>>> print(open('my_file.cif').read())   # mmCIF, C-alpha atoms and all ligand atoms
data_work
#
loop_
_atom_site.group_PDB
_atom_site.id
_atom_site.type_symbol
_atom_site.label_atom_id
_atom_site.label_comp_id
_atom_site.auth_asym_id
_atom_site.auth_seq_id
_atom_site.Cartn_x
_atom_site.Cartn_y
_atom_site.Cartn_z
ATOM 1 C CA MET X 1 3.628 50.970 132.022
ATOM 2 C CA ALA X 2 2.209 52.708 135.081
ATOM 3 C CA ARG X 3 0.044 55.609 133.979
ATOM 4 C CA ARG X 4 -0.053 58.896 135.833
ATOM 5 C CA LYS X 5 -3.232 60.335 137.167
ATOM 6 C CA LYS X 6 -5.079 62.428 134.593
ATOM 7 C CA VAL X 7 -5.945 65.824 136.073
ATOM 8 C CA TYR X 8 -7.724 67.417 133.107
ATOM 9 C CA GLU X 9 -8.421 66.723 129.449
ATOM 10 C CA GLY X 10 -9.057 69.560 127.009
ATOM 11 C CA LYS X 11 -9.577 69.647 123.253
ATOM 12 C CA ALA X 12 -5.888 69.589 122.298
ATOM 13 C CA LYS X 13 -4.040 68.680 125.495
ATOM 14 C CA ILE X 14 -4.133 66.450 128.554
ATOM 15 C CA LEU X 15 -2.731 67.367 131.974
ATOM 16 C CA TYR X 16 -1.305 64.637 134.209
ATOM 17 C CA GLU X 17 -0.061 64.814 137.769
ATOM 18 C CA GLY X 18 3.616 65.823 137.741
ATOM 19 C CA PRO X 19 6.553 64.116 139.445
ATOM 20 C CA GLU X 20 6.730 66.734 142.214
ATOM 21 C CA PRO X 21 4.112 68.759 144.055
ATOM 22 C CA GLY X 22 3.264 71.920 142.164
ATOM 23 C CA THR X 23 4.082 70.417 138.773
ATOM 24 C CA LEU X 24 2.023 68.895 135.966
ATOM 25 C CA VAL X 25 2.827 67.051 132.768
ATOM 26 C CA GLN X 26 1.217 68.635 129.709
ATOM 27 C CA TYR X 27 0.600 66.183 126.831
ATOM 28 C CA PHE X 28 -0.089 67.544 123.319
ATOM 29 C CA LYS X 29 -2.649 65.550 121.313
ATOM 30 C CA ASP X 30 -2.963 65.437 117.522
ATOM 31 C CA ASP X 31 -6.613 66.515 117.747
ATOM 32 C CA ALA X 32 -7.577 69.690 115.925
ATOM 33 C CA THR X 33 -10.865 71.420 116.694
ATOM 34 C CA ALA X 34 -12.465 74.673 115.591
ATOM 35 C CA PHE X 35 -15.680 76.583 116.204
ATOM 36 C CA ASN X 36 -15.968 75.232 119.741
ATOM 37 C CA ALA X 37 -15.263 71.688 118.568
ATOM 38 C CA GLU X 38 -18.023 71.645 115.937
ATOM 39 C CA LYS X 39 -15.261 70.853 113.457
ATOM 40 C CA ARG X 40 -12.764 68.137 114.399
ATOM 41 C CA ALA X 41 -9.928 66.158 112.867
ATOM 42 C CA VAL X 42 -6.832 64.274 113.862
ATOM 43 C CA VAL X 43 -3.765 65.866 112.280
ATOM 44 C CA GLU X 44 -0.857 63.467 112.525
ATOM 45 C CA GLY X 45 2.199 65.164 114.002
ATOM 46 C CA LYS X 46 0.419 68.312 115.247
ATOM 47 C CA GLY X 47 0.958 67.471 118.921
ATOM 48 C CA VAL X 48 4.680 66.929 118.397
ATOM 49 C CA LEU X 49 5.015 70.214 116.536
ATOM 50 C CA ASN X 50 3.032 72.210 119.091
ATOM 51 C CA ASN X 51 4.983 70.701 121.996
ATOM 52 C CA ARG X 52 8.204 71.839 120.315
ATOM 53 C CA LEU X 53 6.902 75.249 119.290
ATOM 54 C CA SER X 54 5.337 76.008 122.664
ATOM 55 C CA GLU X 55 8.627 75.002 124.308
ATOM 56 C CA PHE X 56 10.491 77.366 121.975
ATOM 57 C CA PHE X 57 8.246 80.363 122.717
ATOM 58 C CA MET X 58 7.837 79.758 126.448
ATOM 59 C CA ALA X 59 11.553 79.103 127.021
ATOM 60 C CA GLY X 60 12.331 82.282 125.069
ATOM 61 C CA LEU X 61 9.919 84.260 127.232
ATOM 62 C CA ASN X 62 11.423 82.801 130.418
ATOM 63 C CA GLN X 63 14.853 83.865 129.169
ATOM 64 C CA ILE X 64 13.854 87.506 128.749
ATOM 65 C CA GLY X 65 12.168 87.604 132.138
ATOM 66 C CA VAL X 66 8.541 87.096 131.126
ATOM 67 C CA PRO X 67 7.405 84.384 133.551
ATOM 68 C CA THR X 68 5.664 81.297 132.143
ATOM 69 C CA HIS X 69 4.496 77.956 133.488
ATOM 70 C CA PHE X 70 7.050 76.119 131.327
ATOM 71 C CA ILE X 71 9.801 74.155 133.103
ATOM 72 C CA ARG X 72 11.195 71.763 130.464
ATOM 73 C CA ARG X 73 10.259 69.448 127.648
ATOM 74 C CA ILE X 74 10.130 65.790 128.679
ATOM 75 C CA ASN X 75 9.713 64.023 125.339
ATOM 76 C CA MET X 76 8.151 64.477 121.896
ATOM 77 C CA ARG X 77 4.654 65.090 123.212
ATOM 78 C CA GLU X 78 5.075 66.100 126.836
ATOM 79 C CA GLN X 79 6.436 68.988 128.837
ATOM 80 C CA LEU X 80 6.800 69.617 132.552
ATOM 81 C CA ILE X 81 4.961 72.729 133.700
ATOM 82 C CA ARG X 82 4.184 74.504 136.945
ATOM 83 C CA SER X 83 0.708 73.940 138.231
ATOM 84 C CA VAL X 84 -1.106 77.287 138.161
ATOM 85 C CA GLU X 85 -4.581 78.587 138.916
ATOM 86 C CA ILE X 86 -5.854 79.519 135.454
ATOM 87 C CA ILE X 87 -7.682 82.854 135.293
ATOM 88 C CA PRO X 88 -10.860 82.064 133.298
ATOM 89 C CA LEU X 89 -10.075 84.570 130.534
ATOM 90 C CA GLU X 90 -8.596 84.211 127.077
ATOM 91 C CA VAL X 91 -6.349 87.200 126.466
ATOM 92 C CA VAL X 92 -6.150 88.113 122.775
ATOM 93 C CA VAL X 93 -3.686 90.627 121.342
ATOM 94 C CA ARG X 94 -4.238 91.891 117.803
ATOM 95 C CA ASN X 95 -1.769 93.703 115.539
ATOM 96 C CA LEU X 96 -3.822 93.525 112.333
ATOM 97 C CA ALA X 97 -7.561 93.085 111.863
ATOM 98 C CA ALA X 98 -8.610 89.463 111.265
ATOM 99 C CA GLY X 99 -11.037 86.804 112.420
ATOM 100 C CA SER X 100 -13.747 87.814 114.846
ATOM 101 C CA LEU X 101 -12.579 91.463 115.047
ATOM 102 C CA SER X 102 -12.965 91.834 111.284
ATOM 103 C CA LYS X 103 -16.390 90.230 111.462
ATOM 104 C CA ARG X 104 -17.628 92.247 114.438
ATOM 105 C CA LEU X 105 -16.459 95.657 113.185
ATOM 106 C CA GLY X 106 -16.557 95.110 109.416
ATOM 107 C CA LEU X 107 -12.801 95.527 108.987
ATOM 108 C CA GLU X 108 -10.961 94.005 106.062
ATOM 109 C CA GLU X 109 -8.669 91.146 107.129
ATOM 110 C CA GLY X 110 -5.107 92.450 107.197
ATOM 111 C CA ALA X 111 -6.129 96.068 107.839
ATOM 112 C CA ALA X 112 -3.633 97.873 110.080
ATOM 113 C CA LEU X 113 -4.741 98.720 113.614
ATOM 114 C CA PRO X 114 -3.726 102.033 115.198
ATOM 115 C CA ARG X 115 -2.004 100.118 118.014
ATOM 116 C CA PRO X 116 -2.037 96.604 119.429
ATOM 117 C CA ILE X 117 -5.493 95.870 120.843
ATOM 118 C CA VAL X 118 -5.942 93.647 123.898
ATOM 119 C CA GLU X 119 -9.260 91.844 124.350
ATOM 120 C CA PHE X 120 -10.636 89.477 126.982
ATOM 121 C CA TYR X 121 -12.932 86.516 126.359
ATOM 122 C CA TYR X 122 -14.609 84.631 129.197
ATOM 123 C CA LYS X 123 -13.570 80.963 129.067
ATOM 124 C CA ASP X 124 -16.848 79.089 128.920
ATOM 125 C CA ASP X 125 -17.407 76.558 126.136
ATOM 126 C CA ALA X 126 -21.158 76.427 126.773
ATOM 127 C CA LEU X 127 -21.352 80.174 126.059
ATOM 128 C CA GLY X 128 -18.849 80.045 123.172
ATOM 129 C CA ASP X 129 -16.192 82.099 125.014
ATOM 130 C CA PRO X 130 -17.905 85.526 124.805
ATOM 131 C CA LEU X 131 -16.008 88.818 124.540
ATOM 132 C CA VAL X 132 -16.175 90.600 127.911
ATOM 133 C CA THR X 133 -15.181 94.030 129.184
ATOM 134 C CA GLU X 134 -13.080 94.978 132.201
ATOM 135 C CA GLU X 135 -16.350 95.943 133.941
ATOM 136 C CA HIS X 136 -17.644 92.372 133.615
ATOM 137 C CA ILE X 137 -14.338 90.899 134.747
ATOM 138 C CA ILE X 138 -14.146 92.996 137.907
ATOM 139 C CA ALA X 139 -17.855 92.902 138.723
ATOM 140 C CA PHE X 140 -17.994 89.106 138.453
ATOM 141 C CA GLY X 141 -14.693 88.681 140.308
ATOM 142 C CA TRP X 142 -12.800 86.789 137.597
ATOM 143 C CA ALA X 143 -9.832 89.103 138.171
ATOM 144 C CA THR X 144 -9.047 92.327 140.030
ATOM 145 C CA GLN X 145 -8.112 95.690 138.513
ATOM 146 C CA GLN X 146 -4.487 94.987 139.520
ATOM 147 C CA ASP X 147 -4.634 91.575 137.787
ATOM 148 C CA LEU X 148 -6.028 93.225 134.670
ATOM 149 C CA ASP X 149 -3.249 95.818 134.568
ATOM 150 C CA ASP X 150 -0.675 93.047 135.033
ATOM 151 C CA MET X 151 -2.353 90.866 132.372
ATOM 152 C CA VAL X 152 -2.310 93.658 129.786
ATOM 153 C CA ALA X 153 1.363 94.389 130.534
ATOM 154 C CA LEU X 154 2.225 90.669 130.292
ATOM 155 C CA ALA X 155 0.259 90.235 127.052
ATOM 156 C CA LEU X 156 1.976 93.228 125.434
ATOM 157 C CA ARG X 157 5.424 91.929 126.411
ATOM 158 C CA VAL X 158 4.500 88.569 124.867
ATOM 159 C CA ASN X 159 3.326 90.430 121.758
ATOM 160 C CA ASP X 160 6.643 92.287 121.415
ATOM 161 C CA PHE X 161 8.649 89.098 121.860
ATOM 162 C CA LEU X 162 6.539 86.976 119.515
ATOM 163 C CA SER X 163 6.231 89.692 116.853
ATOM 164 C CA GLY X 164 10.000 90.177 116.760
ATOM 165 C CA THR X 165 10.762 86.458 116.815
ATOM 166 C CA MET X 166 8.361 85.788 113.946
ATOM 167 C CA MET X 167 9.399 88.870 111.950
ATOM 168 C CA ALA X 168 12.986 87.577 112.027
ATOM 169 C CA VAL X 169 11.875 84.479 110.090
ATOM 170 C CA GLY X 170 9.634 86.307 107.610
ATOM 171 C CA ILE X 171 6.325 85.777 109.400
ATOM 172 C CA ARG X 172 3.817 88.411 110.475
ATOM 173 C CA LEU X 173 2.187 87.903 113.880
ATOM 174 C CA VAL X 174 -1.377 89.015 113.148
ATOM 175 C CA ASP X 175 -2.891 88.097 116.528
ATOM 176 C CA PHE X 176 -2.658 85.504 119.274
ATOM 177 C CA LYS X 177 -4.360 84.212 122.398
ATOM 178 C CA ILE X 178 -2.742 83.419 125.713
ATOM 179 C CA GLU X 179 -3.997 82.165 129.032
ATOM 180 C CA ILE X 180 -2.603 83.444 132.286
ATOM 181 C CA GLY X 181 -2.294 81.660 135.618
ATOM 182 C CA ARG X 182 -1.702 82.596 139.232
ATOM 183 C CA VAL X 183 1.217 81.092 141.128
ATOM 184 C CA TRP X 184 1.020 81.530 144.884
ATOM 185 C CA GLU X 185 4.141 82.221 146.904
ATOM 186 C CA GLY X 186 2.864 82.414 150.468
ATOM 187 C CA ASP X 187 0.239 85.154 150.498
ATOM 188 C CA PHE X 188 1.596 86.700 147.313
ATOM 189 C CA GLN X 189 0.594 85.791 143.801
ATOM 190 C CA ARG X 190 2.497 86.113 140.563
ATOM 191 C CA LEU X 191 0.902 85.986 137.131
ATOM 192 C CA VAL X 192 2.549 83.733 134.570
ATOM 193 C CA VAL X 193 1.853 82.848 130.946
ATOM 194 C CA ALA X 194 0.266 79.382 130.880
ATOM 195 C CA ASP X 195 -1.431 76.890 128.528
ATOM 196 C CA GLU X 196 0.409 76.965 125.175
ATOM 197 C CA ILE X 197 1.741 79.301 122.518
ATOM 198 C CA SER X 198 1.626 77.609 119.128
ATOM 199 C CA PRO X 199 0.137 78.053 115.643
ATOM 200 C CA ASP X 200 -3.096 76.713 117.196
ATOM 201 C CA SER X 201 -3.401 79.941 119.181
ATOM 202 C CA CYS X 202 -1.848 82.515 116.809
ATOM 203 C CA ARG X 203 -2.468 83.929 113.358
ATOM 204 C CA LEU X 204 0.773 83.762 111.385
ATOM 205 C CA TRP X 205 1.033 85.061 107.825
ATOM 206 C CA ASP X 206 4.036 84.770 105.533
ATOM 207 C CA LEU X 207 5.444 88.302 105.138
ATOM 208 C CA GLN X 208 6.045 87.963 101.395
ATOM 209 C CA THR X 209 3.079 85.926 100.182
ATOM 210 C CA GLY X 210 0.495 86.338 102.944
ATOM 211 C CA GLU X 211 0.178 82.543 103.112
ATOM 212 C CA LYS X 212 -1.506 81.415 106.327
ATOM 213 C CA LEU X 213 0.693 79.253 108.573
ATOM 214 C CA ASP X 214 -1.689 78.716 111.507
ATOM 215 C CA LYS X 215 -4.938 77.002 112.520
ATOM 216 C CA ASP X 216 -6.939 79.033 109.984
ATOM 217 C CA VAL X 217 -5.573 76.494 107.452
ATOM 218 C CA PHE X 218 -7.802 73.956 109.230
ATOM 219 C CA ARG X 219 -10.676 76.306 110.157
ATOM 220 C CA ARG X 220 -10.992 77.491 106.537
ATOM 221 C CA ASP X 221 -9.881 74.317 104.678
ATOM 222 C CA LEU X 222 -6.856 75.974 103.100
ATOM 223 C CA GLY X 223 -4.555 72.937 102.905
ATOM 224 C CA ASN X 224 -2.467 70.669 105.102
ATOM 225 C CA LEU X 225 -2.207 71.912 108.693
ATOM 226 C CA ALA X 226 0.864 69.831 109.615
ATOM 227 C CA ASP X 227 2.726 71.215 106.570
ATOM 228 C CA ALA X 228 1.969 74.785 107.691
ATOM 229 C CA TYR X 229 3.151 74.129 111.269
ATOM 230 C CA THR X 230 6.235 72.297 109.978
ATOM 231 C CA GLU X 231 7.113 75.375 107.924
ATOM 232 C CA VAL X 232 6.920 77.581 111.043
ATOM 233 C CA ALA X 233 9.028 75.107 113.035
ATOM 234 C CA LYS X 234 11.644 74.851 110.280
ATOM 235 C CA ARG X 235 11.986 78.603 109.953
ATOM 236 C CA LEU X 236 12.453 78.954 113.704
ATOM 237 C CA GLY X 237 15.101 76.232 113.616
ATOM 238 C CA VAL X 238 13.231 73.923 115.963
ATOM 239 C CA LEU X 239 13.189 71.201 113.293
ATOM 240 C CA PRO X 240 16.053 70.142 111.072
ATOM 241 C CA THR X 241 15.403 71.659 107.627
ATOM 242 C CA ASN X 242 15.665 68.281 105.899
ATOM 243 C CA VAL X 243 12.528 66.940 107.572
ATOM 244 C CA THR X 244 10.153 66.749 104.669
ATOM 245 C CA HIS X 245 6.883 65.916 106.326
ATOM 246 C CA ALA X 246 5.380 66.006 109.794
ATOM 247 C CA ALA X 247 3.895 62.552 109.190
ATOM 248 C CA LYS X 248 7.272 61.239 110.362
ATOM 249 C CA PRO X 249 7.448 62.816 113.818
ATOM 250 C CA THR X 250 10.006 60.220 114.952
ATOM 251 C CA LEU X 251 12.642 62.320 113.191
ATOM 252 C CA ILE X 252 12.379 64.912 115.962
ATOM 253 C CA ASN X 253 13.976 64.284 119.308
HETATM 254 P P1 LIG X 301 -10.601 85.353 116.786
HETATM 255 O O1 LIG X 301 -10.288 86.348 115.710
HETATM 256 O O2 LIG X 301 -11.334 84.160 116.293
HETATM 257 O O3 LIG X 301 -11.269 86.010 117.969
HETATM 258 O O4 LIG X 301 -9.206 84.796 117.328
HETATM 259 C C1 LIG X 301 -8.207 85.641 117.837
HETATM 260 C C2 LIG X 301 -6.943 84.842 118.139
HETATM 261 O O5 LIG X 301 -7.191 83.924 119.183
HETATM 262 C C3 LIG X 301 -6.431 84.011 116.966
HETATM 263 O O6 LIG X 301 -5.010 84.108 116.954
HETATM 264 C C4 LIG X 301 -6.845 82.615 117.273
HETATM 265 C C5 LIG X 301 -6.913 82.585 118.772
HETATM 266 N N1 LIG X 301 -7.969 81.736 119.293
HETATM 267 C C6 LIG X 301 -7.670 80.672 120.128
HETATM 268 O O7 LIG X 301 -6.504 80.422 120.426
HETATM 269 N N2 LIG X 301 -8.698 79.923 120.617
HETATM 270 C C7 LIG X 301 -10.000 80.172 120.323
HETATM 271 O O8 LIG X 301 -10.878 79.459 120.811
HETATM 272 C C8 LIG X 301 -10.295 81.277 119.458
HETATM 273 C C9 LIG X 301 -11.714 81.575 119.088
HETATM 274 C C10 LIG X 301 -9.258 82.023 118.982
#
>>> encode(input="my_file.cif", output="structure tokens")
Amino acid sequence: MARRKKVYEGKAKILYEGPEPGTLVQYFKDDATAFNAEKRAVVEGKGVLNNRLSEFFMAGLNQIGVPTHFIRRINMREQLIRSVEIIPLEVVVRNLAAGSLSKRLGLEEGAALPRPIVEFYYKDDALGDPLVTEEHIIAFGWATQQDLDDMVALALRVNDFLSGTMMAVGIRLVDFKIEIGRVWEGDFQRLVVADEISPDSCRLWDLQTGEKLDKDVFRRDLGNLADAYTEVAKRLGVLPTNVTHAAKPTLIN
């Protein structure tokens, strides 16, 4: 089979040239990494689940008028996306204290925050993606003040959508990370949600039990990651409920 040209390979995904100019094919791998790839594993079925879940969230955002790079799913592991110019920032929104915020400020995990908090991390693996301020971002030219205002507004709309969607299936959205890209239309740019939205990039806790249903299961050795992601997918109705284990991804089409 003729292979497409690989444009980029990251830790969990590969980008290939798309069928038309301005498009790419995004392929979801089964690789799981944490702590800047110091910890690695192959989790069978993860790529299939994340392809499906990212499709579900991105298509939902598109439907309510929050622009994303997502065009359509192609097959179990691939989706067609718009090619965008990724802004080199990870945008994190937090609803409850957890993870690095808890560590940095000595807050108990699960502690309520007075309001959603938006943070920016500079995307640089060699530096370990450091937290940066708006001053850094503007001074170093990674984004303009207008971009920043638009990014915060976009991130908060994503937070409202994701929080509500997850709440409806008994899951608390603790925090998440998105990446944002520029799409050029002539001299004008639009910012769109890019990369992926999946349990790899969110913290998701069961509302009743507090059980973790996200990548912390892998980061902290709490159990089977594919089982956790399958549970999220089942609740959202993106998998038939009679699928018993993600090790049989052929059941999904
Ligand atoms: P943190 O508490 O480790 O800073 O993570 C905040 C959120 O960002 C959490 O939902 C996990 C997500 N995240 C990523 O998607 N990629 C990363 O590299 C890191 C560190 C966090």
>>> axis_aligned_box(input="my_file.cif", around="region 135-154 of chain X", padding_each_side="4 Å", output="AutoDock Vina command-line options")
--center_x -7.9 --center_y 91.4 --center_z 135.0 --size_x 28.2 --size_y 17.2 --size_z 18.5
>>> closest_atom_pairs(input="my_file.cif", of="chain X", to="ligand LIG 301 (chain X)", cutoff="8 Å", atoms="all atoms listed in the file", output="CSV")
residue,atom,partner,partner_atom,distance
X:Ala34,CA,X:LIG301,O8,7.3
X:Phe35,CA,X:LIG301,C9,7.0
X:Asn36,CA,X:LIG301,O8,6.7
X:Glu90,CA,X:LIG301,N2,7.8
X:Val92,CA,X:LIG301,O5,5.6
X:Val93,CA,X:LIG301,C2,7.4
X:Arg94,CA,X:LIG301,C1,7.4
X:Ala98,CA,X:LIG301,O1,5.7
X:Gly99,CA,X:LIG301,O1,3.4
X:Ser100,CA,X:LIG301,O1,3.9
X:Leu101,CA,X:LIG301,O1,5.6
X:Ser102,CA,X:LIG301,O1,7.5
X:Asp129,CA,X:LIG301,O8,7.3
X:Val174,CA,X:LIG301,O6,7.2
X:Asp175,CA,X:LIG301,O6,4.5
X:Phe176,CA,X:LIG301,O6,3.6
X:Lys177,CA,X:LIG301,O5,4.3
X:Ile178,CA,X:LIG301,O7,7.1
X:Asp200,CA,X:LIG301,O7,6.0
X:Ser201,CA,X:LIG301,O7,3.4
X:Cys202,CA,X:LIG301,O6,3.5
X:Arg203,CA,X:LIG301,O6,4.4
X:Lys215,CA,X:LIG301,C4,7.6
>>> atom_distance(input="my_file.cif", atom1="CA of Lys5 (chain X)", atom2="CA of Ala37 (chain X)")
24.9 Å
>>> residues_around(input="my_file.cif", residues="Glu135 (chain X)", least_positions_apart="4", cutoff="12 Å", atoms="only C-alpha atoms", output="list in words")
Phe120, Leu131, Ala139, Phe140, Gly141, Trp142, Ala143, Thr144, Gln145 and Leu148 of chain X
>>> resolve_selection(input="my_file.cif", expression="the PyMOL selection byres (((chain X and resi 156) around 10) and not hetatm)", output="PyMOL selection string")
chain X and resi 92-94+116-118+150-155+157-162
